[in-house]
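Quick look at entry.cif (mmCIF, C-alpha atoms (C1' of nucleotides)):
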data_coords
loop_
_atom_site.label_atom_id
_atom_site.label_comp_id
_atom_site.auth_asym_id
_atom_site.auth_seq_id
_atom_site.Cartn_x
_atom_site.Cartn_y
_atom_site.Cartn_z
CA MET A 1 -28.25 3.53 -4.68
CA ASP A 2 -27.00 0.17 -5.91
CA ALA A 3 -23.57 -1.41 -5.88
CA LEU A 4 -22.56 0.51 -9.01
CA ASP A 5 -23.35 3.82 -7.33
CA GLN A 6 -21.22 2.83 -4.38
CA ARG A 7 -18.27 1.97 -6.60
CA ILE A 8 -18.68 5.28 -8.39
CA ILE A 9 -18.74 7.10 -5.06
CA SER A 10 -15.63 5.22 -3.90
CA ARG A 11 -13.84 6.35 -7.02
CA LEU A 12 -14.89 9.96 -6.57
CA VAL A 13 -13.93 9.96 -2.91
CA ALA A 14 -10.50 8.66 -3.89
CA ASP A 15 -10.16 11.25 -6.66
CA ALA A 16 -12.88 13.76 -7.31
CA ARG A 17 -11.19 14.87 -10.53
CA SER A 18 -11.14 11.53 -12.29
CA SER A 19 -13.05 11.60 -15.55
CA TYR A 20 -16.37 9.92 -16.11
CA SER A 21 -14.84 7.66 -18.74
CA GLU A 22 -12.11 6.58 -16.32
CA ILE A 23 -14.73 5.75 -13.70
CA GLY A 24 -16.82 4.09 -16.36
CA LYS A 25 -13.95 1.83 -17.36
CA ALA A 26 -13.47 0.85 -13.72
CA VAL A 27 -17.11 0.05 -13.01
CA GLY A 28 -18.21 -1.16 -16.42
CA LEU A 29 -20.32 1.72 -17.69
CA SER A 30 -20.11 4.34 -20.40
CA ALA A 31 -19.13 7.87 -19.50
CA PRO A 32 -22.64 9.33 -19.98
CA ALA A 33 -24.11 6.60 -17.78
CA VAL A 34 -21.65 7.52 -15.02
CA LYS A 35 -22.50 11.20 -15.39
CA ARG A 36 -26.21 10.48 -15.14
CA ARG A 37 -25.66 8.52 -11.95
CA VAL A 38 -23.41 11.18 -10.45
CA ASP A 39 -25.94 13.88 -11.30
CA ARG A 40 -28.66 11.84 -9.65
CA LEU A 41 -26.51 11.28 -6.56
CA LEU A 42 -25.93 15.02 -6.35
CA ASP A 43 -29.64 15.69 -6.81
CA THR A 44 -30.72 13.27 -4.12
CA GLY A 45 -28.11 14.61 -1.71
CA VAL A 46 -26.08 11.45 -1.37
CA LEU A 47 -23.16 13.40 -2.83
CA ARG A 48 -22.87 16.91 -1.48
CA GLY A 49 -20.16 18.07 -3.82
CA PHE A 50 -16.48 17.84 -4.60
CA THR A 51 -13.69 19.50 -2.72
CA ALA A 52 -9.94 19.85 -2.53
CA VAL A 53 -8.22 18.32 0.46
CA VAL A 54 -5.82 20.91 1.78
CA ASN A 55 -2.97 20.27 4.16
CA PRO A 56 -3.88 22.56 7.05
CA GLU A 57 -0.28 22.84 8.19
CA ALA A 58 0.89 23.96 4.77
CA LEU A 59 -1.73 26.70 4.90
CA GLY A 60 -0.74 27.74 8.37
CA TRP A 61 -3.77 26.18 10.06
CA GLY A 62 -1.81 23.61 12.00
CA THR A 63 -3.31 24.21 15.43
CA GLU A 64 -6.55 22.49 16.35
CA ALA A 65 -8.69 22.04 19.39
CA PHE A 66 -11.91 20.40 20.45
CA VAL A 67 -14.02 22.50 22.77
CA GLU A 68 -16.84 21.23 24.93
CA VAL A 69 -19.40 23.99 25.15
CA HIS A 70 -21.78 24.28 28.08
CA CYS A 71 -24.65 26.68 27.51
CA ILE A 72 -26.83 28.69 29.84
CA GLY A 73 -30.29 27.16 30.11
CA ASN A 74 -31.91 25.39 27.21
CA VAL A 75 -30.72 26.57 23.82
CA THR A 76 -31.88 25.26 20.45
CA PRO A 77 -29.29 23.80 18.08
CA ASP A 78 -30.20 26.43 15.49
CA ARG A 79 -29.35 29.27 17.84
CA ILE A 80 -25.98 27.74 18.70
CA ARG A 81 -25.33 27.23 15.02
CA ALA A 82 -26.15 30.85 14.23
CA ARG A 83 -23.61 32.05 16.79
CA LEU A 84 -20.86 29.72 15.59
CA LEU A 85 -21.18 30.46 11.88
CA PRO A 86 -19.46 33.88 12.04
CA LEU A 87 -16.36 32.38 13.63
CA PRO A 88 -14.11 31.26 10.77
CA GLU A 89 -12.03 29.07 13.06
CA VAL A 90 -15.00 26.80 13.69
CA VAL A 91 -14.64 23.96 11.18
CA ALA A 92 -17.25 21.68 12.70
CA ALA A 93 -19.72 21.61 15.56
CA TYR A 94 -22.06 19.01 16.98
CA THR A 95 -24.69 18.81 19.66
CA VAL A 96 -23.91 15.88 21.90
CA SER A 97 -25.16 13.66 24.65
CA GLY A 98 -23.66 13.95 28.10
CA ALA A 99 -22.75 16.90 30.24
CA ALA A 100 -21.76 19.26 27.44
CA ASP A 101 -24.24 20.85 25.05
CA ALA A 102 -21.96 20.92 22.03
CA ILE A 103 -18.52 20.02 20.78
CA VAL A 104 -16.82 22.61 18.61
CA HIS A 105 -13.87 21.75 16.38
CA LEU A 106 -11.55 24.73 16.04
CA ARG A 107 -8.68 25.22 13.62
CA ALA A 108 -6.24 28.12 13.86
CA GLY A 109 -2.86 29.25 12.63
CA SER A 110 -1.06 29.23 15.93
CA ILE A 111 -1.60 28.75 19.62
CA HIS A 112 -2.01 32.48 19.84
CA HIS A 113 -4.60 32.50 17.11
CA LEU A 114 -6.35 29.58 18.79
CA GLU A 115 -6.45 31.47 22.05
CA ASP A 116 -7.94 34.42 20.25
CA ALA A 117 -10.59 32.24 18.63
CA LEU A 118 -11.40 30.67 21.99
CA GLU A 119 -11.86 34.08 23.48
CA ARG A 120 -14.30 35.02 20.74
CA LEU A 121 -16.08 31.71 21.21
CA ARG A 122 -16.42 32.30 24.93
CA ALA A 123 -17.76 35.77 24.25
CA VAL A 124 -20.88 34.22 22.69
CA ASP A 125 -23.59 35.21 25.14
CA MET A 126 -25.38 31.92 25.56
CA ILE A 127 -22.15 30.10 26.39
CA ASP A 128 -21.56 29.51 30.06
CA ARG A 129 -18.35 27.53 30.19
CA THR A 130 -15.96 25.78 27.82
CA VAL A 131 -13.50 22.93 28.21
CA SER A 132 -10.77 22.92 25.56
CA THR A 133 -8.65 20.04 24.44
CA VAL A 134 -5.74 21.00 22.21
CA VAL A 135 -4.74 18.59 19.47
CA LEU A 136 -1.09 17.55 19.64
CA SER A 137 -0.97 15.44 16.50
CA ARG A 138 -3.32 14.07 13.93
CA LEU A 139 -3.13 10.29 13.99
CA LEU A 140 -5.67 9.58 11.31
CA ASP A 141 -8.00 11.38 8.95
CA ARG A 142 -9.89 9.46 6.35
CA PRO A 143 -13.25 9.41 4.59
CA PRO A 144 -15.83 6.98 5.94
CA ALA A 145 -15.86 3.71 4.03
CA PRO A 146 -18.70 3.89 1.51
CA GLU A 147 -19.32 0.17 1.78
CA LEU A 148 -22.20 -0.92 4.01
CA SER A 149 -22.40 -1.30 7.70
CA MET B 1 2.05 30.26 -2.10
CA ASP B 2 0.84 33.70 -3.06
CA ALA B 3 -2.60 35.26 -3.15
CA LEU B 4 -3.30 33.67 -6.54
CA ASP B 5 -2.63 30.21 -5.15
CA GLN B 6 -5.02 30.89 -2.30
CA ARG B 7 -7.77 31.95 -4.66
CA ILE B 8 -7.19 28.85 -6.76
CA ILE B 9 -7.38 26.70 -3.63
CA SER B 10 -10.60 28.44 -2.57
CA ARG B 11 -12.09 27.63 -5.91
CA LEU B 12 -11.04 23.99 -5.74
CA VAL B 13 -12.31 23.61 -2.19
CA ALA B 14 -15.65 24.99 -3.34
CA ASP B 15 -15.74 22.71 -6.37
CA ALA B 16 -12.95 20.27 -7.04
CA ARG B 17 -14.32 19.47 -10.47
CA SER B 18 -14.23 22.98 -11.92
CA SER B 19 -12.05 23.23 -14.99
CA TYR B 20 -8.73 25.03 -15.11
CA SER B 21 -10.09 27.56 -17.58
CA GLU B 22 -13.04 28.28 -15.30
CA ILE B 23 -10.68 28.86 -12.40
CA GLY B 24 -8.40 30.84 -14.65
CA LYS B 25 -11.24 33.16 -15.65
CA ALA B 26 -12.04 33.72 -11.96
CA VAL B 27 -8.48 34.49 -10.86
CA GLY B 28 -7.11 36.09 -14.01
CA LEU B 29 -4.81 33.40 -15.38
CA SER B 30 -4.77 31.12 -18.39
CA ALA B 31 -5.76 27.48 -17.98
CA PRO B 32 -2.19 26.12 -18.32
CA ALA B 33 -0.97 28.58 -15.71
CA VAL B 34 -3.63 27.36 -13.30
CA LYS B 35 -2.76 23.75 -13.99
CA ARG B 36 0.93 24.39 -13.36
CA ARG B 37 0.10 26.02 -10.03
CA VAL B 38 -2.25 23.24 -9.02
CA ASP B 39 0.39 20.64 -9.95
CA ARG B 40 2.93 22.50 -7.87
CA LEU B 41 0.53 22.73 -4.91
CA LEU B 42 -0.01 18.98 -5.17
CA ASP B 43 3.73 18.38 -5.41
CA THR B 44 4.57 20.50 -2.40
CA GLY B 45 1.79 18.90 -0.38
CA VAL B 46 -0.31 22.00 0.14
CA LEU B 47 -3.07 20.19 -1.73
CA ARG B 48 -3.41 16.56 -0.78
CA GLY B 49 -5.95 15.63 -3.42
CA PHE B 50 -9.56 15.94 -4.41
CA THR B 51 -12.48 14.14 -2.90
CA ALA B 52 -16.24 13.78 -3.05
CA VAL B 53 -18.19 15.00 -0.05
CA VAL B 54 -20.69 12.31 0.80
CA ASN B 55 -23.70 12.73 3.02
CA PRO B 56 -23.02 10.18 5.76
CA GLU B 57 -26.70 9.84 6.57
CA ALA B 58 -27.58 9.03 3.00
CA LEU B 59 -25.00 6.27 3.09
CA GLY B 60 -26.26 4.92 6.36
CA TRP B 61 -23.42 6.33 8.47
CA GLY B 62 -25.55 8.73 10.44
CA THR B 63 -24.37 7.88 13.93
CA GLU B 64 -21.23 9.51 15.26
CA ALA B 65 -19.36 9.74 18.50
CA PHE B 66 -16.24 11.29 19.94
CA VAL B 67 -14.33 9.01 22.26
CA GLU B 68 -11.69 10.11 24.74
CA VAL B 69 -9.16 7.34 24.95
CA HIS B 70 -7.02 6.84 28.04
CA CYS B 71 -4.10 4.48 27.52
CA ILE B 72 -2.12 2.30 29.87
CA GLY B 73 1.31 3.78 30.53
CA ASN B 74 3.17 5.75 27.90
CA VAL B 75 2.25 4.82 24.35
CA THR B 76 3.67 6.38 21.19
CA PRO B 77 1.29 8.00 18.74
CA ASP B 78 2.40 5.57 16.05
CA ARG B 79 1.36 2.58 18.10
CA ILE B 80 -2.07 4.05 18.80
CA ARG B 81 -2.43 4.81 15.13
CA ALA B 82 -1.54 1.26 14.17
CA ARG B 83 -4.26 -0.12 16.41
CA LEU B 84 -6.90 2.30 15.15
CA LEU B 85 -6.28 1.82 11.44
CA PRO B 86 -7.99 -1.60 11.23
CA LEU B 87 -11.23 -0.20 12.66
CA PRO B 88 -13.23 1.13 9.70
CA GLU B 89 -15.51 3.16 11.97
CA VAL B 90 -12.58 5.39 13.00
CA VAL B 91 -12.75 8.39 10.68
CA ALA B 92 -10.27 10.55 12.57
CA ALA B 93 -8.04 10.41 15.61
CA TYR B 94 -5.84 12.88 17.42
CA THR B 95 -3.44 12.89 20.30
CA VAL B 96 -4.41 15.63 22.68
CA SER B 97 -3.39 17.63 25.68
CA GLY B 98 -5.15 17.10 28.96
CA ALA B 99 -6.23 14.02 30.80
CA ALA B 100 -6.99 11.87 27.76
CA ASP B 101 -4.32 10.45 25.48
CA ALA B 102 -6.35 10.61 22.30
CA ILE B 103 -9.67 11.61 20.82
CA VAL B 104 -11.19 9.19 18.34
CA HIS B 105 -13.94 10.22 15.96
CA LEU B 106 -16.23 7.27 15.19
CA ARG B 107 -18.88 6.98 12.50
CA ALA B 108 -21.32 4.08 12.34
CA GLY B 109 -24.59 3.07 10.76
CA SER B 110 -26.67 2.85 13.91
CA ILE B 111 -26.42 3.05 17.65
CA HIS B 112 -26.03 -0.69 17.65
CA HIS B 113 -23.23 -0.53 15.14
CA LEU B 114 -21.63 2.26 17.16
CA GLU B 115 -21.80 0.14 20.29
CA ASP B 116 -20.15 -2.68 18.41
CA ALA B 117 -17.39 -0.40 17.16
CA LEU B 118 -16.85 0.93 20.68
CA GLU B 119 -16.51 -2.59 21.95
CA ARG B 120 -13.84 -3.35 19.38
CA LEU B 121 -12.13 -0.08 20.22
CA ARG B 122 -12.08 -0.90 23.91
CA ALA B 123 -10.67 -4.33 23.09
CA VAL B 124 -7.44 -2.68 21.89
CA ASP B 125 -4.93 -3.87 24.47
CA MET B 126 -3.19 -0.59 25.27
CA ILE B 127 -6.48 1.15 25.98
CA ASP B 128 -7.35 1.48 29.62
CA ARG B 129 -10.57 3.44 29.61
CA THR B 130 -12.80 5.35 27.21
CA VAL B 131 -15.28 8.18 27.60
CA SER B 132 -17.78 8.39 24.76
CA THR B 133 -19.82 11.36 23.66
CA VAL B 134 -22.52 10.56 21.13
CA VAL B 135 -23.30 13.18 18.50
CA LEU B 136 -26.96 14.20 18.45
CA SER B 137 -26.82 16.53 15.48
CA ARG B 138 -24.27 18.09 13.22
CA LEU B 139 -24.48 21.87 13.54
CA LEU B 140 -21.71 22.76 11.15
CA ASP B 141 -19.18 21.11 8.87
CA ARG B 142 -17.09 23.21 6.56
CA PRO B 143 -13.59 23.41 5.12
CA PRO B 144 -11.14 25.73 6.88
CA ALA B 145 -11.00 29.16 5.29
CA PRO B 146 -7.83 29.35 3.15
CA GLU B 147 -7.52 33.11 3.63
CA LEU B 148 -5.45 34.85 6.31
CA SER B 149 -4.02 33.24 9.41
"C1'" DC C 1 -28.36 2.08 -21.04
"C1'" DG C 2 -25.18 2.97 -25.23
"C1'" DT C 3 -23.80 5.68 -29.40
"C1'" DG C 4 -22.36 9.55 -31.86
"C1'" DA C 5 -21.42 14.59 -32.53
"C1'" DA C 6 -20.15 19.20 -31.07
"C1'" DA C 7 -18.22 21.88 -27.72
"C1'" DC C 8 -15.08 21.91 -24.24
"C1'" DC C 9 -11.00 20.63 -21.58
"C1'" DA C 10 -6.21 18.79 -20.32
"C1'" DT C 11 -1.79 19.02 -21.25
"C1'" DA C 12 2.73 19.21 -23.41
"C1'" DG C 13 5.81 22.05 -26.21
"C1'" DC C 14 7.43 26.45 -27.41
"C1'" DA C 15 8.04 31.40 -27.23
"C1'" DT C 16 8.02 35.92 -24.32
"C1'" DG C 17 9.07 39.02 -20.51
"C1'" DC D 1 11.08 31.83 -12.92
"C1'" DA D 2 6.09 32.17 -14.48
"C1'" DT D 3 3.23 33.37 -18.06
"C1'" DG D 4 0.46 32.96 -22.53
"C1'" DC D 5 -0.24 30.70 -26.90
"C1'" DT D 6 -1.26 26.77 -29.78
"C1'" DA D 7 -2.15 21.94 -31.17
"C1'" DT D 8 -3.89 17.35 -30.32
"C1'" DG D 9 -6.12 13.92 -28.01
"C1'" DG D 10 -9.37 13.03 -24.44
"C1'" DT D 11 -13.69 14.58 -22.04
"C1'" DT D 12 -18.15 16.46 -21.20
"C1'" DT D 13 -22.69 16.77 -22.44
"C1'" DC D 14 -26.28 16.72 -25.40
"C1'" DA D 15 -29.99 14.32 -28.36
"C1'" DC D 16 -31.57 10.05 -30.02
"C1'" DG D 17 -32.40 5.06 -30.46
#

What is this file in C-alpha cells?
Amino acid sequence: MDALDQRIISRLVADARSSYSEIGKAVGLSAPAVKRRVDRLLDTGVLRGFTAVVNPEALGWGTEAFVEVHCIGNVTPDRIRARLLPLPEVVAAYTVSGAADAIVHLRAGSIHHLEDALERLRAVDMIDRTVSTVVLSRLLDRPPAPELS
Amino acid sequence: MDALDQRIISRLVADARSSYSEIGKAVGLSAPAVKRRVDRLLDTGVLRGFTAVVNPEALGWGTEAFVEVHCIGNVTPDRIRARLLPLPEVVAAYTVSGAADAIVHLRAGSIHHLEDALERLRAVDMIDRTVSTVVLSRLLDRPPAPELS
DNA sequence: CGTGAAACCATAGCATG
DNA sequence: CATGCTATGGTTTCACG
C-alpha cells in the first residue's frame, strides 16, 4: 500500500470502468503493472470490488430512514445481523455506542413501503423498541477520501 | 427502464468491471445493445457512475459515527451542505424529520481523528448542538436491491 | 517492473424488423 | 425505436526477460 496504490484506488473510485492503461498513464505505470497492483489490492481486501452507483430515486427507492434499534437483553451482533439480512430494505446496519443497540439504514420505494419495512423490522423477535428518523433530503453522499488521515 | 435494464443494473452493481458481452450473455442481448442501454441509463441519471468499493479499515478509516445535528433557527439544506462539504470526514449527510435538523455520517482514522472531526463540525456557526453515536461494528453494508419496489 | 503477443473488448456505422 | 452484425482500434492478460 504505497502512494501509487492510493492513486490507483482514487482513480478506480472515481471511475471503476477506466482501463488499466488509462490509469497507468495517469500514475506512471504500464497497464500490466496496474493490473497486478489492483489484483493484489483485491486479494488483500483493500479493494472489495467494483460497483455501479445507482440513483435510488430513479429506481423508485427514494425513501430512506435511519432506525435506532433497542434489543431485549444482550444480543450478539451476529444474531442481529442474521435477522436483518432477510429484509431487502436494510441497506446498512451498525452496532453503536449509547442507548441504542444498533442503527439500521432503510431504503424503500415510498412512505408506505417504508412503513411496511419498519413493521417487518419491528416484528424481529429480539427487537424491543425502535426510533425512526425519516430522511427528507440527501445533502451529501461521497466516497471517503483515500488519502491519509 | 424495463426488466432488461434492471438485470443489467444488477450485473453492474455486482461487478462494475464486467464486460458488455459478459452482461449480454447473462441477459440475452448482444454487447452493443447492452452498451447502448448502459449509455442511456447513464444519460438519464439512473446510473450515476461506477466506483471501487474500498475497505475503510484497510485504508485506515475504520472509525465511524452518526451525528445528529441541531441547528440554530431555520437553515436551508443548501447552507448546511455548503458547510459540510469542506469537512473530508463527512461521507454522507441528510436532512431528517424529527427533533434533529440533519444526520451526518462521519468516517475517520481513529477515535482521536473522529474527535477532531467532531470538533470542526461543531465549530460550524449555524450548528447549535450535536448528538454523536459512535459505530462499534458494521453489521451490514450492501447496495439496494434493484428489483421490485 | 516493462515488453510483446494473442485473445478479448469497446464502439461506431450500417442493415433489419 | 431497439436490435444484431461487422470492422477496427484499444484493452486485458499471459509468459518472459

Compile the contact shell of C:DC14 as a JSON list (two decimals) with C-alpha atoms (C1' of nucleotides), in the frame of the given file: residues with an atom at most 12 Å away, counting all atoms listed in the file, same-chain residues fewer than 4 positions apart removed.
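Saved result, selection-v6.json, follows:
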[["chain", "number", "residue", "atom", "x", "y", "z"],
["D", 4, "DG", "C1'", 0.46, 32.96, -22.53],
["D", 5, "DC", "C1'", -0.24, 30.70, -26.90],
["D", 6, "DT", "C1'", -1.26, 26.77, -29.78],
["D", 7, "DA", "C1'", -2.15, 21.94, -31.17]]

Could you tell me which residues the PyMOL selection byres ((chain A and resi 59-74) around 6) returns for this structure, as a PyMOL selection string? chain A and resi 56-58+75+100-110+126-135

Expected selection from the PyMOL selection byres ((chain B) within 10 of (chain C)), given as a ChimeraX atom specification: /B:19-21,31-32,35-36

Could you list, as a PyMOL selection string, every residue matched by the PyMOL selection byres ((chain B) within 9 of (chain D)) in this structure? chain B and resi 29-30+32-33

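Interatomic distance, atom CA of A:Ala16 against atom CA of B:Ala93: 23.7 Å.
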
At a cut-off of 6 Å, which residues of chain B touch chain A? Count only C-alpha atoms and give the answer as a ChimeraX atom specification. /B:12-17,46-55,58,81,91-97,109,133-142,144,149

Computed interatomic separation between atom CA of B:Leu121 and atom CA of B:Arg83 (Å):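 Distance between the two atoms: 8.7 Å.
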
Padding 6 Å on each side, edges along x, y and z: where is the centre of the box around the listed atoms of stretch 94-103 of chain B, and how long are its edges in Å to one decimal? Output it as JSON.
{"center_x": -6.5, "center_y": 14.0, "center_z": 24.1, "size_x": 18.3, "size_y": 19.2, "size_z": 25.4}

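We find atom CA of A:Ile111 and atom CA of A:Pro86 to be spaced 20.1 Å apart.
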